[in-house]
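Shown next: my_file.pdb, given as PDB, C-alpha atoms, pLDDT in the B column.
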MODEL        1
ATOM      1  CA  MET A  26     -12.449  20.356   4.998  1.00 77.00           C
ATOM      2  CA  GLN A  27      -9.786  19.791   2.310  1.00 71.00           C
ATOM      3  CA  SER A  28      -7.374  22.141   4.018  1.00 76.00           C
ATOM      4  CA  LEU A  29      -7.938  20.423   7.353  1.00 81.00           C
ATOM      5  CA  LEU A  30      -7.230  16.993   5.860  1.00 79.00           C
ATOM      6  CA  THR A  31      -4.068  18.253   4.171  1.00 75.00           C
ATOM      7  CA  LYS A  32      -2.842  19.831   7.405  1.00 79.00           C
ATOM      8  CA  ALA A  33      -3.648  16.627   9.311  1.00 81.00           C
ATOM      9  CA  GLY A  34      -1.660  14.580   6.813  1.00 78.00           C
ATOM     10  CA  THR A  35       1.292  16.936   7.136  1.00 78.00           C
ATOM     11  CA  TRP A  36       1.053  16.885  10.927  1.00 80.00           C
ATOM     12  CA  MET A  37       1.058  13.072  10.912  1.00 80.00           C
ATOM     13  CA  ALA A  38       4.507  13.237   9.284  1.00 81.00           C
ATOM     14  CA  GLN A  39       5.929  15.218  12.215  1.00 82.00           C
ATOM     15  CA  PRO A  40       7.711  13.602  15.177  1.00 83.00           C
ATOM     16  CA  SER A  41       5.082  15.079  17.504  1.00 84.00           C
ATOM     17  CA  ALA A  42       2.579  12.580  16.076  1.00 85.00           C
ATOM     18  CA  PHE A  43       4.461   9.838  17.921  1.00 87.00           C
ATOM     19  CA  GLY A  44       3.899  11.818  21.120  1.00 90.00           C
ATOM     20  CA  PHE A  45       0.180  11.522  20.408  1.00 89.00           C
ATOM     21  CA  VAL A  46       0.546   7.720  20.247  1.00 90.00           C
ATOM     22  CA  ILE A  47       2.343   7.687  23.601  1.00 91.00           C
ATOM     23  CA  ILE A  48      -0.345   9.879  25.196  1.00 93.00           C
ATOM     24  CA  TYR A  49      -3.006   7.609  23.692  1.00 90.00           C
ATOM     25  CA  LEU A  50      -1.244   4.558  25.132  1.00 91.00           C
ATOM     26  CA  VAL A  51      -0.946   6.099  28.601  1.00 93.00           C
ATOM     27  CA  LEU A  52      -4.606   7.114  28.600  1.00 93.00           C
ATOM     28  CA  TRP A  53      -5.680   3.701  27.341  1.00 91.00           C
ATOM     29  CA  ILE A  54      -3.731   1.834  30.022  1.00 90.00           C
ATOM     30  CA  SER A  55      -4.783   4.198  32.806  1.00 92.00           C
ATOM     31  CA  LEU A  56      -8.484   4.248  31.872  1.00 91.00           C
ATOM     32  CA  ASP A  57      -9.081   0.682  30.696  1.00 89.00           C
ATOM     33  CA  ARG A  58      -6.118  -1.578  31.420  1.00 88.00           C
ATOM     34  CA  LYS A  59      -8.120  -4.775  30.867  1.00 88.00           C
ATOM     35  CA  SER A  60      -8.900  -3.935  27.246  1.00 88.00           C
ATOM     36  CA  PHE A  61      -5.227  -3.391  26.436  1.00 87.00           C
ATOM     37  CA  ASP A  62      -4.224  -6.844  25.311  1.00 91.00           C
ATOM     38  CA  PHE A  63      -2.373  -8.362  22.361  1.00 92.00           C
ATOM     39  CA  HIS A  64      -4.847  -6.845  19.898  1.00 92.00           C
ATOM     40  CA  GLY A  65      -4.446  -3.418  21.440  1.00 89.00           C
ATOM     41  CA  ALA A  66      -0.670  -3.668  21.221  1.00 92.00           C
ATOM     42  CA  ILE A  67      -0.932  -4.703  17.564  1.00 94.00           C
ATOM     43  CA  ALA A  68      -3.230  -1.722  16.902  1.00 91.00           C
ATOM     44  CA  LEU A  69      -0.658   0.669  18.408  1.00 92.00           C
ATOM     45  CA  ILE A  70       2.191  -0.970  16.493  1.00 93.00           C
ATOM     46  CA  THR A  71       0.158  -0.611  13.294  1.00 93.00           C
ATOM     47  CA  LEU A  72      -0.447   3.065  14.066  1.00 90.00           C
ATOM     48  CA  CYS A  73       3.282   3.608  14.668  1.00 90.00           C
ATOM     49  CA  MET A  74       4.166   1.868  11.405  1.00 92.00           C
ATOM     50  CA  THR A  75       1.631   4.035   9.590  1.00 90.00           C
ATOM     51  CA  LEU A  76       3.247   7.140  11.063  1.00 88.00           C
ATOM     52  CA  LEU A  77       6.708   5.919  10.043  1.00 89.00           C
ATOM     53  CA  ILE A  78       5.537   5.298   6.484  1.00 90.00           C
ATOM     54  CA  GLN A  79       3.822   8.690   6.369  1.00 87.00           C
ATOM     55  CA  ARG A  80       6.982  10.383   7.619  1.00 86.00           C
ATOM     56  CA  SER A  81       9.126   8.613   5.042  1.00 87.00           C
ATOM     57  CA  GLU A  82       6.729   9.511   2.221  1.00 87.00           C
ATOM     58  CA  HIS A  83       6.603  13.126   3.381  1.00 83.00           C
ATOM     59  CA  ARG A  84      10.411  13.347   3.499  1.00 85.00           C
ATOM     60  CA  ASP A  85      10.709  11.882   0.000  1.00 86.00           C
ATOM     61  CA  THR A  86       8.062  14.230  -1.368  1.00 84.00           C
ATOM     62  CA  GLN A  87       9.699  17.267   0.213  1.00 84.00           C
ATOM     63  CA  ALA A  88      13.093  16.273  -1.217  1.00 87.00           C
ATOM     64  CA  ILE A  89      11.639  15.857  -4.703  1.00 87.00           C
ATOM     65  CA  GLN A  90       9.853  19.200  -4.430  1.00 83.00           C
ATOM     66  CA  ALA A  91      13.054  20.953  -3.335  1.00 85.00           C
ATOM     67  CA  LYS A  92      14.924  19.485  -6.303  1.00 86.00           C
ATOM     68  CA  LEU A  93      12.189  20.438  -8.752  1.00 83.00           C
ATOM     69  CA  ASP A  94      11.996  23.948  -7.307  1.00 84.00           C
ATOM     70  CA  GLU A  95      15.735  24.355  -7.827  1.00 85.00           C
ATOM     71  CA  LEU A  96      15.463  23.132 -11.427  1.00 84.00           C
ATOM     72  CA  LEU A  97      12.674  25.617 -12.100  1.00 81.00           C
ATOM     73  CA  ARG A  98      14.726  28.452 -10.613  1.00 81.00           C
ATOM     74  CA  VAL A  99      17.809  27.803 -12.753  1.00 85.00           C
ATOM     75  CA  GLN A 100      16.030  26.932 -16.011  1.00 83.00           C
ATOM     76  CA  ASP A 101      15.635  29.900 -18.347  1.00 80.00           C
ATOM     77  CA  GLY A 102      12.067  30.292 -19.536  1.00 78.00           C
ATOM     78  CA  ALA A 103      10.623  28.086 -16.785  1.00 76.00           C
ATOM     79  CA  ARG A 104       7.562  29.302 -14.944  1.00 77.00           C
ATOM     80  CA  THR A 105       8.896  29.979 -11.460  1.00 73.00           C
ATOM     81  CA  ASP A 106       5.358  30.398 -10.131  1.00 77.00           C
ATOM     82  CA  LEU A 107       5.181  26.602 -10.194  1.00 78.00           C
ATOM     83  CA  THR A 108       7.541  26.468  -7.217  1.00 75.00           C
ATOM     84  CA  LYS A 109       4.567  27.450  -5.029  1.00 79.00           C
ATOM     85  CA  ILE A 110       2.071  24.980  -6.484  1.00 80.00           C
ATOM     86  CA  ASP A 111       2.627  22.548  -3.627  1.00 76.00           C
ATOM     87  CA  ASP A 112       0.928  25.061  -1.314  1.00 78.00           C
ATOM     88  CA  GLN A 113      -2.372  24.345  -3.078  1.00 78.00           C
ATOM     89  CA  GLN A 114      -4.854  21.603  -2.319  1.00 77.00           C
ATOM     90  CA  PRO A 115      -4.407  18.262  -4.146  1.00 76.00           C
ATOM     91  CA  GLU A 116      -7.570  18.842  -6.181  1.00 79.00           C
ATOM     92  CA  GLN A 117      -6.286  22.230  -7.336  1.00 81.00           C
ATOM     93  CA  ILE A 118      -2.959  20.692  -8.349  1.00 82.00           C
ATOM     94  CA  GLU A 119      -4.744  17.973 -10.336  1.00 83.00           C
ATOM     95  CA  ALA A 120      -6.863  20.618 -12.071  1.00 84.00           C
ATOM     96  CA  HIS A 121      -3.699  22.531 -12.973  1.00 82.00           C
ATOM     97  CA  ARG A 122      -2.059  19.371 -14.323  1.00 81.00           C
ATOM     98  CA  ASN A 123      -5.136  18.495 -16.384  1.00 85.00           C
ATOM     99  CA  LYS A 124      -5.197  22.012 -17.823  1.00 85.00           C
ATOM    100  CA  ALA A 125      -1.489  21.810 -18.712  1.00 80.00           C
ATOM    101  CA  ARG A 126      -2.004  18.397 -20.348  1.00 83.00           C
ATOM    102  CA  ALA A 127      -4.884  19.766 -22.415  1.00 87.00           C
ATOM    103  CA  LYS A 128      -2.645  22.644 -23.609  1.00 82.00           C
ATOM    104  CA  ASP A 129       0.082  20.152 -24.523  1.00 79.00           C
ATOM    105  CA  GLU A 130      -2.394  18.052 -26.478  1.00 82.00           C
ATOM    106  CA  GLN A 131      -3.624  21.141 -28.338  1.00 82.00           C
ATOM    107  CA  LYS A 132      -0.039  22.075 -29.230  1.00 77.00           C
ATOM    108  CA  THR A 133       0.696  18.542 -30.415  1.00 79.00           C
ATOM    109  CA  THR A 134      -2.506  18.418 -32.469  1.00 81.00           C
ATOM    110  CA  SER A 135      -1.828  21.787 -34.099  1.00 78.00           C
ATOM    111  CA  LYS A 136       1.774  20.771 -34.922  1.00 74.00           C
ATOM    112  CA  MET A 137       0.540  17.544 -36.492  1.00 75.00           C
ATOM    113  CA  LYS A 138      -2.011  19.443 -38.595  1.00 74.00           C
ATOM    114  CA  GLY A 139       0.678  21.914 -39.652  1.00 69.00           C
ATOM    115  CA  THR A 140       2.979  19.145 -40.923  1.00 63.00           C
ATOM    116  CA  LYS A 141       0.319  17.484 -43.106  1.00 56.00           C
TER     117      LYS A 141
ENDMDL
END
Take the structure in the file and write it out as structure tokens.
Amino acid sequence: MQSLLTKAGTWMAQPSAFGFVIIYLVLWISLDRKSFDFHGAIALITLCMTLLIQRSEHRDTQAIQAKLDELLRVQDGARTDLTKIDDQQPEQIEAHRNKARAKDEQKTTSKMKGTK
């Protein structure tokens, strides 16, 4: 289910998602023209705006990921396996981040104990 939702979110950022809206509009008008009124138009406009926002967010995220991947590749001592972390599910990424934070806290705590 998680993979399906992630793929759906990625698909919604593609231009083909707007084709879905057009097909939906054509079907709506051809099957039930009377129900397509001002509210229906607003619903479709809202859907299009949602797709535009999703596309913009996806583009920004992909650009940030590309920049971070490049920084990891050129940085000596960096873990290059992190360049593929965006292929994982959001829950897996959060678990990885929590684990890394816990390691950082342990390092900080042990350094503080060592300086006392």
With all atoms listed in the file counted and 8 Å as the cut-off, give the residues of range 47-139 of chain A in contact with range 27-38 of chain A, each with its shortest interatomic distance in Å and the pair that gives it, as CSV.
residue,atom,partner,partner_atom,distance
A:Leu76,CA,A:Met37,CA,6.3
A:Leu77,CA,A:Ala38,CA,7.7
A:Gln79,CA,A:Ala38,CA,5.4
A:Arg80,CA,A:Ala38,CA,4.1
A:Ser81,CA,A:Ala38,CA,7.8
A:His83,CA,A:Ala38,CA,6.3
A:Gln114,CA,A:Ser28,CA,6.8
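With only C-alpha atoms as the basis for measurement, A:Ala66 is the residue among A:Ala88, A:Ala66, A:Met137, A:Leu96 that approaches Val46 in chain A most closely.
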Calculate, to one decimal in Å, the centre and edge lengths of the box along x, y and z of the file that holds all listed atoms of range 73-91 of chain A with 3 Å of margin on each side, and present them as JSON.
{"center_x": 7.4, "center_y": 11.4, "center_z": 5.0, "size_x": 17.5, "size_y": 25.1, "size_z": 25.4}
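Between CA of Cys73 in chain A and CA of Gln39 in chain A lies a distance of 12.2 Å.
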Query raised in the report: Any chance you could work out the residue set of the PyMOL selection byres ((chain A and resi 100-109) around 12) here, as a ChimeraX atom specification?
Result: /A:89-99,110-114,118,121-122,125
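Closest approach to Ala42 in chain A among A:Ser55, A:Thr75, A:Thr86, A:Ser135: A:Thr75, based on all atoms listed in the file.
Across the model, the gap from CA of Thr71 in chain A to CA of Arg84 in chain A is 19.9 Å.
In this structure, CA of Ile54 in chain A sits 13.6 Å away from CA of Ala68 in chain A.
Shortest separation to Phe45 in chain A among A:Asp57, A:Ala120, A:Leu69, A:Met26 occurs at residue A:Leu69, atoms counted being only C-alpha atoms.
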Please output range 91-122 of chain A, rebuilt to include N, CA and C atoms, as a short mmCIF file (atom, residue, chain, number, x, y, z; two decimals), keeping the file's coordinate frame.
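Ended up saving to out00.cif:
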data_model
loop_
_atom_site.label_atom_id
_atom_site.label_comp_id
_atom_site.auth_asym_id
_atom_site.auth_seq_id
_atom_site.Cartn_x
_atom_site.Cartn_y
_atom_site.Cartn_z
N ALA A 91 11.92 20.03 -3.44
CA ALA A 91 13.05 20.95 -3.34
C ALA A 91 13.92 20.87 -4.59
N LYS A 92 14.12 19.66 -5.09
CA LYS A 92 14.92 19.48 -6.30
C LYS A 92 14.22 20.10 -7.51
N LEU A 93 12.94 19.86 -7.63
CA LEU A 93 12.19 20.44 -8.75
C LEU A 93 12.15 21.96 -8.68
N ASP A 94 11.98 22.49 -7.47
CA ASP A 94 12.00 23.95 -7.31
C ASP A 94 13.32 24.53 -7.77
N GLU A 95 14.42 23.87 -7.42
CA GLU A 95 15.74 24.36 -7.83
C GLU A 95 15.88 24.30 -9.34
N LEU A 96 15.40 23.23 -9.97
CA LEU A 96 15.46 23.13 -11.43
C LEU A 96 14.65 24.24 -12.10
N LEU A 97 13.49 24.54 -11.54
CA LEU A 97 12.67 25.62 -12.10
C LEU A 97 13.35 26.97 -11.95
N ARG A 98 14.06 27.17 -10.83
CA ARG A 98 14.73 28.45 -10.61
C ARG A 98 15.88 28.68 -11.59
N VAL A 99 16.62 27.63 -11.91
CA VAL A 99 17.81 27.80 -12.75
C VAL A 99 17.51 27.68 -14.24
N GLN A 100 16.38 27.14 -14.60
CA GLN A 100 16.03 26.93 -16.01
C GLN A 100 15.49 28.22 -16.61
N ASP A 101 16.13 28.71 -17.66
CA ASP A 101 15.64 29.90 -18.35
C ASP A 101 14.30 29.58 -19.01
N GLY A 102 13.36 30.46 -18.90
CA GLY A 102 12.07 30.29 -19.54
C GLY A 102 11.09 29.45 -18.74
N ALA A 103 11.54 28.90 -17.61
CA ALA A 103 10.62 28.09 -16.78
C ALA A 103 9.70 29.01 -15.99
N ARG A 104 8.52 28.52 -15.73
CA ARG A 104 7.56 29.30 -14.94
C ARG A 104 7.87 29.11 -13.47
N THR A 105 8.49 30.09 -12.86
CA THR A 105 8.90 29.98 -11.46
C THR A 105 7.71 30.01 -10.51
N ASP A 106 6.54 30.41 -10.99
CA ASP A 106 5.36 30.40 -10.13
C ASP A 106 4.98 28.96 -9.76
N LEU A 107 5.48 28.00 -10.52
CA LEU A 107 5.18 26.60 -10.19
C LEU A 107 5.87 26.14 -8.92
N THR A 108 6.87 26.87 -8.45
CA THR A 108 7.54 26.47 -7.22
C THR A 108 6.61 26.57 -6.01
N LYS A 109 5.51 27.30 -6.15
CA LYS A 109 4.57 27.45 -5.03
C LYS A 109 3.31 26.60 -5.20
N ILE A 110 3.28 25.76 -6.22
CA ILE A 110 2.07 24.98 -6.48
C ILE A 110 1.80 23.96 -5.38
N ASP A 111 2.84 23.52 -4.68
CA ASP A 111 2.63 22.55 -3.63
C ASP A 111 1.93 23.14 -2.40
N ASP A 112 1.71 24.44 -2.39
CA ASP A 112 0.93 25.06 -1.31
C ASP A 112 -0.58 24.91 -1.54
N GLN A 113 -0.95 24.49 -2.75
CA GLN A 113 -2.37 24.34 -3.08
C GLN A 113 -2.90 22.99 -2.63
N GLN A 114 -4.21 22.86 -2.67
CA GLN A 114 -4.85 21.60 -2.32
C GLN A 114 -4.64 20.58 -3.45
N PRO A 115 -4.63 19.30 -3.12
CA PRO A 115 -4.41 18.26 -4.15
C PRO A 115 -5.35 18.37 -5.34
N GLU A 116 -6.61 18.72 -5.09
CA GLU A 116 -7.57 18.84 -6.18
C GLU A 116 -7.21 20.00 -7.11
N GLN A 117 -6.70 21.09 -6.53
CA GLN A 117 -6.29 22.23 -7.34
C GLN A 117 -5.06 21.88 -8.18
N ILE A 118 -4.15 21.11 -7.61
CA ILE A 118 -2.96 20.69 -8.35
C ILE A 118 -3.36 19.79 -9.51
N GLU A 119 -4.27 18.86 -9.26
CA GLU A 119 -4.74 17.97 -10.34
C GLU A 119 -5.42 18.78 -11.44
N ALA A 120 -6.20 19.77 -11.07
CA ALA A 120 -6.86 20.62 -12.07
C ALA A 120 -5.82 21.35 -12.90
N HIS A 121 -4.78 21.85 -12.25
CA HIS A 121 -3.70 22.53 -12.97
C HIS A 121 -3.00 21.57 -13.94
N ARG A 122 -2.72 20.36 -13.47
CA ARG A 122 -2.06 19.37 -14.32
C ARG A 122 -2.93 18.99 -15.52
#
